[in-house]
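Raw coords-v5.txt, compact mmCIF, N, CA and C atoms:
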```
# COMPACT_ATOMS: atom_id res chain seq x y z
N MET A 1 -11.35 0.33 0.72
CA MET A 1 -10.47 -0.79 0.47
C MET A 1 -10.71 -1.94 1.46
N THR A 2 -11.46 -1.68 2.49
CA THR A 2 -11.73 -2.75 3.46
C THR A 2 -12.92 -3.60 3.06
N ALA A 3 -13.74 -3.12 2.14
CA ALA A 3 -14.90 -3.87 1.65
C ALA A 3 -15.16 -3.43 0.21
N ALA A 4 -14.43 -4.04 -0.71
CA ALA A 4 -14.42 -3.57 -2.10
C ALA A 4 -15.75 -3.75 -2.84
N GLY A 5 -16.59 -4.65 -2.39
CA GLY A 5 -17.86 -4.83 -3.06
C GLY A 5 -17.80 -5.73 -4.29
N PHE A 6 -16.71 -6.44 -4.47
CA PHE A 6 -16.57 -7.39 -5.57
C PHE A 6 -16.65 -8.79 -5.01
N GLY A 7 -17.06 -9.73 -5.83
CA GLY A 7 -17.11 -11.11 -5.40
C GLY A 7 -15.73 -11.69 -5.16
N SER A 8 -15.67 -12.74 -4.38
CA SER A 8 -14.39 -13.40 -4.10
C SER A 8 -13.81 -14.01 -5.37
N GLY A 9 -12.53 -13.76 -5.58
CA GLY A 9 -11.82 -14.35 -6.71
C GLY A 9 -12.25 -13.85 -8.06
N THR A 10 -12.80 -12.63 -8.13
CA THR A 10 -13.34 -12.15 -9.40
C THR A 10 -12.45 -11.17 -10.17
N LEU A 11 -11.42 -10.65 -9.53
CA LEU A 11 -10.60 -9.63 -10.18
C LEU A 11 -9.28 -10.20 -10.70
N GLY A 12 -8.94 -9.86 -11.91
CA GLY A 12 -7.66 -10.26 -12.46
C GLY A 12 -6.52 -9.41 -11.94
N GLY A 13 -6.84 -8.20 -11.48
CA GLY A 13 -5.80 -7.31 -10.96
C GLY A 13 -6.38 -6.23 -10.07
N VAL A 14 -5.53 -5.74 -9.20
CA VAL A 14 -5.87 -4.62 -8.31
C VAL A 14 -4.72 -3.63 -8.39
N LEU A 15 -5.05 -2.36 -8.51
CA LEU A 15 -4.06 -1.29 -8.50
C LEU A 15 -4.28 -0.46 -7.25
N ALA A 16 -3.28 -0.42 -6.38
CA ALA A 16 -3.32 0.41 -5.17
C ALA A 16 -2.15 1.38 -5.28
N TRP A 17 -2.41 2.51 -5.90
CA TRP A 17 -1.35 3.44 -6.26
C TRP A 17 -1.41 4.67 -5.35
N TYR A 18 -0.43 4.77 -4.48
CA TYR A 18 -0.31 5.89 -3.55
C TYR A 18 -1.57 6.07 -2.72
N SER A 19 -2.11 4.97 -2.23
CA SER A 19 -3.33 5.04 -1.42
C SER A 19 -3.18 4.35 -0.07
N THR A 20 -2.46 3.25 0.00
CA THR A 20 -2.42 2.50 1.26
C THR A 20 -1.61 3.20 2.34
N HIS A 21 -0.71 4.12 1.99
CA HIS A 21 0.05 4.81 3.04
C HIS A 21 -0.83 5.80 3.81
N HIS A 22 -2.05 6.01 3.37
CA HIS A 22 -2.99 6.83 4.13
C HIS A 22 -3.83 5.98 5.08
N THR A 23 -3.63 4.69 5.05
CA THR A 23 -4.38 3.77 5.89
C THR A 23 -3.61 3.53 7.19
N PRO A 24 -4.26 3.68 8.34
CA PRO A 24 -3.58 3.37 9.60
C PRO A 24 -3.04 1.93 9.57
N PRO A 25 -1.83 1.73 10.06
CA PRO A 25 -1.19 0.41 9.98
C PRO A 25 -2.03 -0.74 10.53
N GLU A 26 -2.82 -0.49 11.56
CA GLU A 26 -3.64 -1.58 12.12
C GLU A 26 -4.74 -2.04 11.18
N TRP A 27 -5.06 -1.24 10.16
CA TRP A 27 -6.06 -1.62 9.17
C TRP A 27 -5.48 -2.33 7.95
N LEU A 28 -4.17 -2.28 7.78
CA LEU A 28 -3.56 -2.88 6.58
C LEU A 28 -3.83 -4.37 6.45
N PRO A 29 -3.81 -5.18 7.52
CA PRO A 29 -4.15 -6.59 7.33
C PRO A 29 -5.57 -6.79 6.76
N VAL A 30 -6.49 -5.93 7.13
CA VAL A 30 -7.86 -6.02 6.59
C VAL A 30 -7.85 -5.64 5.11
N VAL A 31 -7.17 -4.55 4.77
CA VAL A 31 -7.09 -4.10 3.38
C VAL A 31 -6.41 -5.15 2.51
N PHE A 32 -5.27 -5.65 2.96
CA PHE A 32 -4.55 -6.65 2.17
C PHE A 32 -5.32 -7.96 2.09
N GLY A 33 -6.05 -8.29 3.14
CA GLY A 33 -6.93 -9.46 3.10
C GLY A 33 -8.04 -9.31 2.07
N GLU A 34 -8.55 -8.09 1.93
CA GLU A 34 -9.58 -7.82 0.92
C GLU A 34 -9.00 -7.91 -0.48
N PHE A 35 -7.77 -7.45 -0.66
CA PHE A 35 -7.12 -7.62 -1.96
C PHE A 35 -7.01 -9.11 -2.28
N HIS A 36 -6.57 -9.90 -1.32
CA HIS A 36 -6.44 -11.35 -1.52
C HIS A 36 -7.80 -11.97 -1.85
N ARG A 37 -8.82 -11.60 -1.11
CA ARG A 37 -10.16 -12.18 -1.31
C ARG A 37 -10.69 -11.89 -2.70
N THR A 38 -10.52 -10.67 -3.18
CA THR A 38 -11.12 -10.29 -4.46
C THR A 38 -10.30 -10.73 -5.68
N LEU A 39 -9.01 -10.98 -5.48
CA LEU A 39 -8.18 -11.41 -6.62
C LEU A 39 -8.49 -12.85 -7.00
N ALA A 40 -8.56 -13.09 -8.29
CA ALA A 40 -8.69 -14.45 -8.79
C ALA A 40 -7.37 -15.17 -8.59
N PRO A 41 -7.38 -16.49 -8.48
CA PRO A 41 -6.11 -17.22 -8.43
C PRO A 41 -5.24 -16.84 -9.63
N GLY A 42 -3.99 -16.49 -9.36
CA GLY A 42 -3.09 -16.03 -10.40
C GLY A 42 -3.17 -14.54 -10.67
N GLY A 43 -4.14 -13.83 -10.02
CA GLY A 43 -4.31 -12.40 -10.21
C GLY A 43 -3.18 -11.60 -9.56
N HIS A 44 -3.02 -10.38 -10.02
CA HIS A 44 -1.91 -9.53 -9.55
C HIS A 44 -2.40 -8.27 -8.84
N LEU A 45 -1.59 -7.82 -7.92
CA LEU A 45 -1.74 -6.54 -7.24
C LEU A 45 -0.49 -5.73 -7.54
N LEU A 46 -0.67 -4.49 -7.97
CA LEU A 46 0.44 -3.56 -8.11
C LEU A 46 0.22 -2.47 -7.08
N LEU A 47 1.14 -2.39 -6.12
CA LEU A 47 1.03 -1.45 -5.01
C LEU A 47 2.22 -0.51 -5.06
N GLY A 48 1.95 0.78 -4.98
CA GLY A 48 3.02 1.77 -4.97
C GLY A 48 2.71 2.87 -3.99
N GLY A 49 3.75 3.46 -3.43
CA GLY A 49 3.54 4.57 -2.51
C GLY A 49 4.81 4.96 -1.77
N HIS A 50 4.60 5.78 -0.77
CA HIS A 50 5.70 6.24 0.06
C HIS A 50 5.98 5.21 1.15
N VAL A 51 7.25 5.06 1.50
CA VAL A 51 7.64 4.18 2.60
C VAL A 51 8.57 4.94 3.53
N GLY A 52 8.74 4.42 4.72
CA GLY A 52 9.61 5.06 5.70
C GLY A 52 9.31 4.50 7.07
N ASP A 53 9.45 5.35 8.07
CA ASP A 53 9.18 4.93 9.44
C ASP A 53 8.70 6.13 10.24
N GLU A 54 7.58 6.69 9.80
CA GLU A 54 7.04 7.86 10.49
C GLU A 54 5.58 8.08 10.11
N ARG A 55 4.92 8.91 10.89
CA ARG A 55 3.57 9.34 10.56
C ARG A 55 3.63 10.84 10.27
N ARG A 56 3.06 11.23 9.16
CA ARG A 56 3.07 12.64 8.77
C ARG A 56 1.65 13.19 8.79
N ARG A 57 1.54 14.43 9.24
CA ARG A 57 0.25 15.14 9.25
C ARG A 57 0.46 16.54 8.67
N PRO A 58 0.53 16.66 7.37
CA PRO A 58 0.76 17.99 6.79
C PRO A 58 -0.45 18.90 7.02
N VAL A 59 -0.18 20.17 7.09
CA VAL A 59 -1.26 21.15 7.24
C VAL A 59 -1.42 21.99 5.98
N GLU A 60 -0.44 21.86 5.06
CA GLU A 60 -0.53 22.58 3.80
C GLU A 60 0.13 21.74 2.71
N ALA A 61 -0.47 21.75 1.54
CA ALA A 61 0.10 21.08 0.37
C ALA A 61 -0.34 21.83 -0.88
N TYR A 62 0.60 22.06 -1.77
CA TYR A 62 0.33 22.76 -3.03
C TYR A 62 -0.32 24.12 -2.80
N GLY A 63 0.06 24.79 -1.70
CA GLY A 63 -0.45 26.12 -1.41
C GLY A 63 -1.84 26.15 -0.80
N HIS A 64 -2.36 25.00 -0.38
CA HIS A 64 -3.70 24.93 0.19
C HIS A 64 -3.67 24.21 1.54
N PRO A 65 -4.56 24.58 2.45
CA PRO A 65 -4.63 23.85 3.71
C PRO A 65 -5.17 22.43 3.46
N VAL A 66 -4.61 21.46 4.17
CA VAL A 66 -5.04 20.06 4.02
C VAL A 66 -5.12 19.41 5.40
N THR A 67 -5.86 18.34 5.47
CA THR A 67 -5.92 17.52 6.68
C THR A 67 -5.94 16.06 6.26
N TYR A 68 -4.82 15.42 6.38
CA TYR A 68 -4.71 13.99 6.14
C TYR A 68 -3.48 13.47 6.85
N GLU A 69 -3.39 12.16 6.93
CA GLU A 69 -2.23 11.52 7.54
C GLU A 69 -1.59 10.56 6.56
N SER A 70 -0.29 10.44 6.65
CA SER A 70 0.45 9.41 5.93
C SER A 70 1.16 8.56 6.98
N HIS A 71 0.94 7.27 6.90
CA HIS A 71 1.57 6.32 7.82
C HIS A 71 2.64 5.59 7.03
N LEU A 72 3.87 6.05 7.14
CA LEU A 72 4.95 5.47 6.35
C LEU A 72 5.56 4.30 7.10
N LEU A 73 5.58 3.15 6.44
CA LEU A 73 6.13 1.92 7.01
C LEU A 73 7.30 1.46 6.17
N PRO A 74 8.24 0.72 6.77
CA PRO A 74 9.33 0.14 5.99
C PRO A 74 8.79 -0.85 4.96
N LEU A 75 9.45 -0.93 3.83
CA LEU A 75 9.01 -1.82 2.75
C LEU A 75 8.95 -3.27 3.21
N ASP A 76 9.90 -3.72 4.01
CA ASP A 76 9.87 -5.11 4.49
C ASP A 76 8.63 -5.39 5.32
N ARG A 77 8.19 -4.42 6.10
CA ARG A 77 6.98 -4.63 6.90
C ARG A 77 5.75 -4.74 6.01
N ILE A 78 5.65 -3.90 5.00
CA ILE A 78 4.53 -3.96 4.07
C ILE A 78 4.52 -5.31 3.37
N ALA A 79 5.68 -5.75 2.87
CA ALA A 79 5.78 -7.04 2.19
C ALA A 79 5.37 -8.17 3.13
N GLY A 80 5.79 -8.12 4.37
CA GLY A 80 5.42 -9.14 5.34
C GLY A 80 3.93 -9.18 5.59
N LEU A 81 3.29 -8.04 5.69
CA LEU A 81 1.84 -7.99 5.88
C LEU A 81 1.10 -8.59 4.68
N LEU A 82 1.59 -8.29 3.48
CA LEU A 82 0.99 -8.88 2.28
C LEU A 82 1.13 -10.40 2.28
N GLU A 83 2.31 -10.87 2.61
CA GLU A 83 2.57 -12.31 2.59
C GLU A 83 1.77 -13.05 3.65
N ARG A 84 1.48 -12.40 4.78
CA ARG A 84 0.67 -13.04 5.82
C ARG A 84 -0.77 -13.28 5.37
N THR A 85 -1.23 -12.55 4.35
CA THR A 85 -2.58 -12.77 3.84
C THR A 85 -2.61 -13.89 2.80
N GLY A 86 -1.44 -14.42 2.44
CA GLY A 86 -1.38 -15.47 1.44
C GLY A 86 -0.95 -14.99 0.07
N LEU A 87 -0.65 -13.71 -0.06
CA LEU A 87 -0.16 -13.17 -1.33
C LEU A 87 1.35 -13.38 -1.43
N VAL A 88 1.87 -13.38 -2.65
CA VAL A 88 3.29 -13.62 -2.89
C VAL A 88 3.89 -12.39 -3.57
N VAL A 89 4.91 -11.81 -2.96
CA VAL A 89 5.61 -10.68 -3.57
C VAL A 89 6.54 -11.24 -4.63
N THR A 90 6.32 -10.82 -5.88
CA THR A 90 7.13 -11.34 -6.99
C THR A 90 8.20 -10.35 -7.45
N ALA A 91 7.99 -9.07 -7.16
CA ALA A 91 9.00 -8.06 -7.52
C ALA A 91 8.82 -6.85 -6.61
N ARG A 92 9.95 -6.21 -6.31
CA ARG A 92 9.89 -5.02 -5.47
C ARG A 92 10.99 -4.06 -5.87
N LEU A 93 10.68 -2.78 -5.75
CA LEU A 93 11.63 -1.73 -6.07
C LEU A 93 11.49 -0.64 -5.02
N GLU A 94 12.60 -0.23 -4.47
CA GLU A 94 12.61 0.87 -3.51
C GLU A 94 13.56 1.93 -4.04
N GLU A 95 13.04 3.13 -4.26
CA GLU A 95 13.84 4.23 -4.79
C GLU A 95 14.41 5.06 -3.65
N ALA A 96 15.59 5.56 -3.84
CA ALA A 96 16.21 6.44 -2.86
C ALA A 96 15.39 7.72 -2.72
N PRO A 97 15.47 8.36 -1.56
CA PRO A 97 14.73 9.62 -1.38
C PRO A 97 15.05 10.64 -2.46
N THR A 98 14.01 11.29 -2.97
CA THR A 98 14.18 12.28 -4.02
C THR A 98 13.31 13.49 -3.75
N GLY A 99 13.58 14.54 -4.47
CA GLY A 99 12.77 15.75 -4.41
C GLY A 99 12.94 16.52 -3.12
N PRO A 100 12.29 17.68 -3.06
CA PRO A 100 12.44 18.53 -1.89
C PRO A 100 11.91 17.90 -0.61
N ALA A 101 10.92 17.02 -0.72
CA ALA A 101 10.36 16.38 0.48
C ALA A 101 11.25 15.24 0.98
N GLY A 102 12.16 14.76 0.13
CA GLY A 102 13.06 13.68 0.54
C GLY A 102 12.35 12.38 0.84
N ARG A 103 11.31 12.06 0.11
CA ARG A 103 10.53 10.85 0.35
C ARG A 103 11.13 9.65 -0.39
N THR A 104 10.95 8.49 0.22
CA THR A 104 11.34 7.24 -0.41
C THR A 104 10.09 6.60 -1.01
N TYR A 105 10.20 6.12 -2.23
CA TYR A 105 9.08 5.51 -2.94
C TYR A 105 9.35 4.02 -3.10
N ALA A 106 8.28 3.23 -3.08
CA ALA A 106 8.43 1.79 -3.25
C ALA A 106 7.28 1.25 -4.07
N TYR A 107 7.57 0.15 -4.76
CA TYR A 107 6.58 -0.48 -5.64
C TYR A 107 6.69 -1.99 -5.45
N LEU A 108 5.55 -2.63 -5.34
CA LEU A 108 5.50 -4.08 -5.17
C LEU A 108 4.58 -4.69 -6.21
N LEU A 109 5.03 -5.73 -6.86
CA LEU A 109 4.18 -6.55 -7.71
C LEU A 109 3.90 -7.82 -6.93
N VAL A 110 2.64 -8.09 -6.73
CA VAL A 110 2.22 -9.17 -5.85
C VAL A 110 1.23 -10.06 -6.61
N ARG A 111 1.24 -11.35 -6.30
CA ARG A 111 0.37 -12.29 -7.00
C ARG A 111 -0.36 -13.16 -5.99
N ARG A 112 -1.62 -13.45 -6.29
CA ARG A 112 -2.34 -14.45 -5.54
C ARG A 112 -1.99 -15.79 -6.18
N PRO A 113 -1.48 -16.73 -5.40
CA PRO A 113 -1.11 -18.01 -6.01
C PRO A 113 -2.27 -18.67 -6.74
N ALA A 114 -1.95 -19.32 -7.83
CA ALA A 114 -2.96 -20.09 -8.58
C ALA A 114 -3.05 -21.46 -7.94
N ARG A 115 -4.17 -21.76 -7.34
CA ARG A 115 -4.33 -23.05 -6.66
C ARG A 115 -5.41 -23.86 -7.30
```
Would you put the structure from the file into structure tokens?
Amino acid sequence: MTAAGFGSGTLGGVLAWYSTHHTPPEWLPVVFGEFHRTLAPGGHLLLGGHVGDERRRPVEAYGHPVTYESHLLPLDRIAGLLERTGLVVTARLEEAPTGPAGRTYAYLLVRRPAR
């Protein structure tokens, strides 16, 4: 996500579905900048994932050993990082914690301004 390999302004849309929360927070400005660079003016980004205020390192998932990290950030911080790259948040939804894991889910519809 830091170097998508597409030309600048060539994509009508980007889908980042349950992927950016695995990115260390210090890399998010680079990732969101790449989304901005590759989106055509007026193009949209749909971003969804877990939000919160913690870092998780599970050792087991679905009955199997795993090694990954989730960097959960508050939705306002994610929206602010997107807006600092020049993208505009047009809609947002944050769901209350659900399921046995008690995770909070959030979804953002974002647009690159048409200039």
For the atom pair atom C of His21 of chain A and atom N of Glu60 of chain A, what is the interatomic distance in Å to one decimal place?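 Atom C of His21 of chain A sits 16.1 Å away from atom N of Glu60 of chain A.
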Residue with smallest distance to Leu75 of chain A - pool A:Pro97, A:Gly7, A:Gly49, A:Pro29, counting only C-alpha atoms: A:Gly49
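The spacing separating atom CA of Ala16 of chain A from atom C of Gly48 of chain A amounts to 6.6 Å.
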My list of candidates is A:Gly86, A:His64, A:Leu81, A:Leu109. Which is closest to Leu46 of chain A when distances are computed with all atoms listed in the file?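 Using all atoms listed in the file, Leu46 of chain A sits closest to A:Leu109.
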Phe6 of chain A: which residues within 12 Å, counting only C-alpha atoms, same-chain residues fewer than 6 positions away excluded, as a list in words?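 Skipping anything fewer than 6 positions along the chain leaves Gly12, Val14, Glu34, Phe35, His36, Arg37, Thr38, Leu39 and Ala40 of chain A.
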Taking into account all atoms listed in the file, which residue in the set A:Arg55, A:Pro100, A:Trp17, A:Gly43 is nearest to Glu69 of chain A? A:Arg55
With distances taken over only C-alpha atoms, which of A:Thr85, A:Thr2, A:Thr10, A:Ser19 is nearest to Ser70 of chain A?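 Distance minimum relative to Ser70 of chain A lands on A:Ser19.
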Kindly give the distance, in Å, that separates atom C of Glu83 of chain A and atom CA of Gly52 of chain A, rounded to a single decimal.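 Here the two named atoms are 19.8 Å from each other.
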So that I can check the surroundings of Pro41 of chain A, please list as number ranges by chain every protein, DNA and RNA residue that reaches within 6 Å of it, counting only N, CA and C atoms and ignoring chain neighbours fewer than 5 positions away. A: 9, 112-115
So which residues fall inside 6 Å of (7.5, -2.2, -0.2) if we count all atoms listed in the file? Mind giving them as JSON, numbers by chain? {"A": [74, 75, 76, 78, 79, 106, 107, 108]}
Which one of A:Arg84, A:Leu15, A:Asp53, A:Gly5 sits closest to Phe32 of chain A if you count only N, CA and C atoms?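 With only N, CA and C atoms as the atom set, the closest residue is A:Arg84.
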Which residue is closest to His50 of chain A? Choose from A:Ala101, A:Leu72, A:Leu93, A:Pro25 and count only C-alpha atoms. A:Leu72
For segment 39-53 of chain A, I'd like the enclosing box, axis-aligned and padded by 3 Å on every side, reported as JSON with centre and edge lengths in Å to one decimal.
```
{"center_x": 0.3, "center_y": -5.5, "center_z": -0.2, "size_x": 24.6, "size_y": 29.5, "size_z": 26.9}
```
Filtered DSSP result for chain A, state helix (DSSP H, G or I), as number ranges by chain: A: 20-22, 25-38, 75-84
Name the residues of segment 47-93 of chain A that come out as strand (DSSP E) in a backbone DSSP run; write them as an NGL selection string. :A and (47-51 or 54-56 or 60-61 or 64-65 or 70-72 or 88-93)
Taking 6 positions as the minimum chain separation for residues in the same chain, which residues sit within 10 Å of Val59 of chain A when counting only C-alpha atoms? Answer as a PyMOL selection string. chain A and resi 65-69
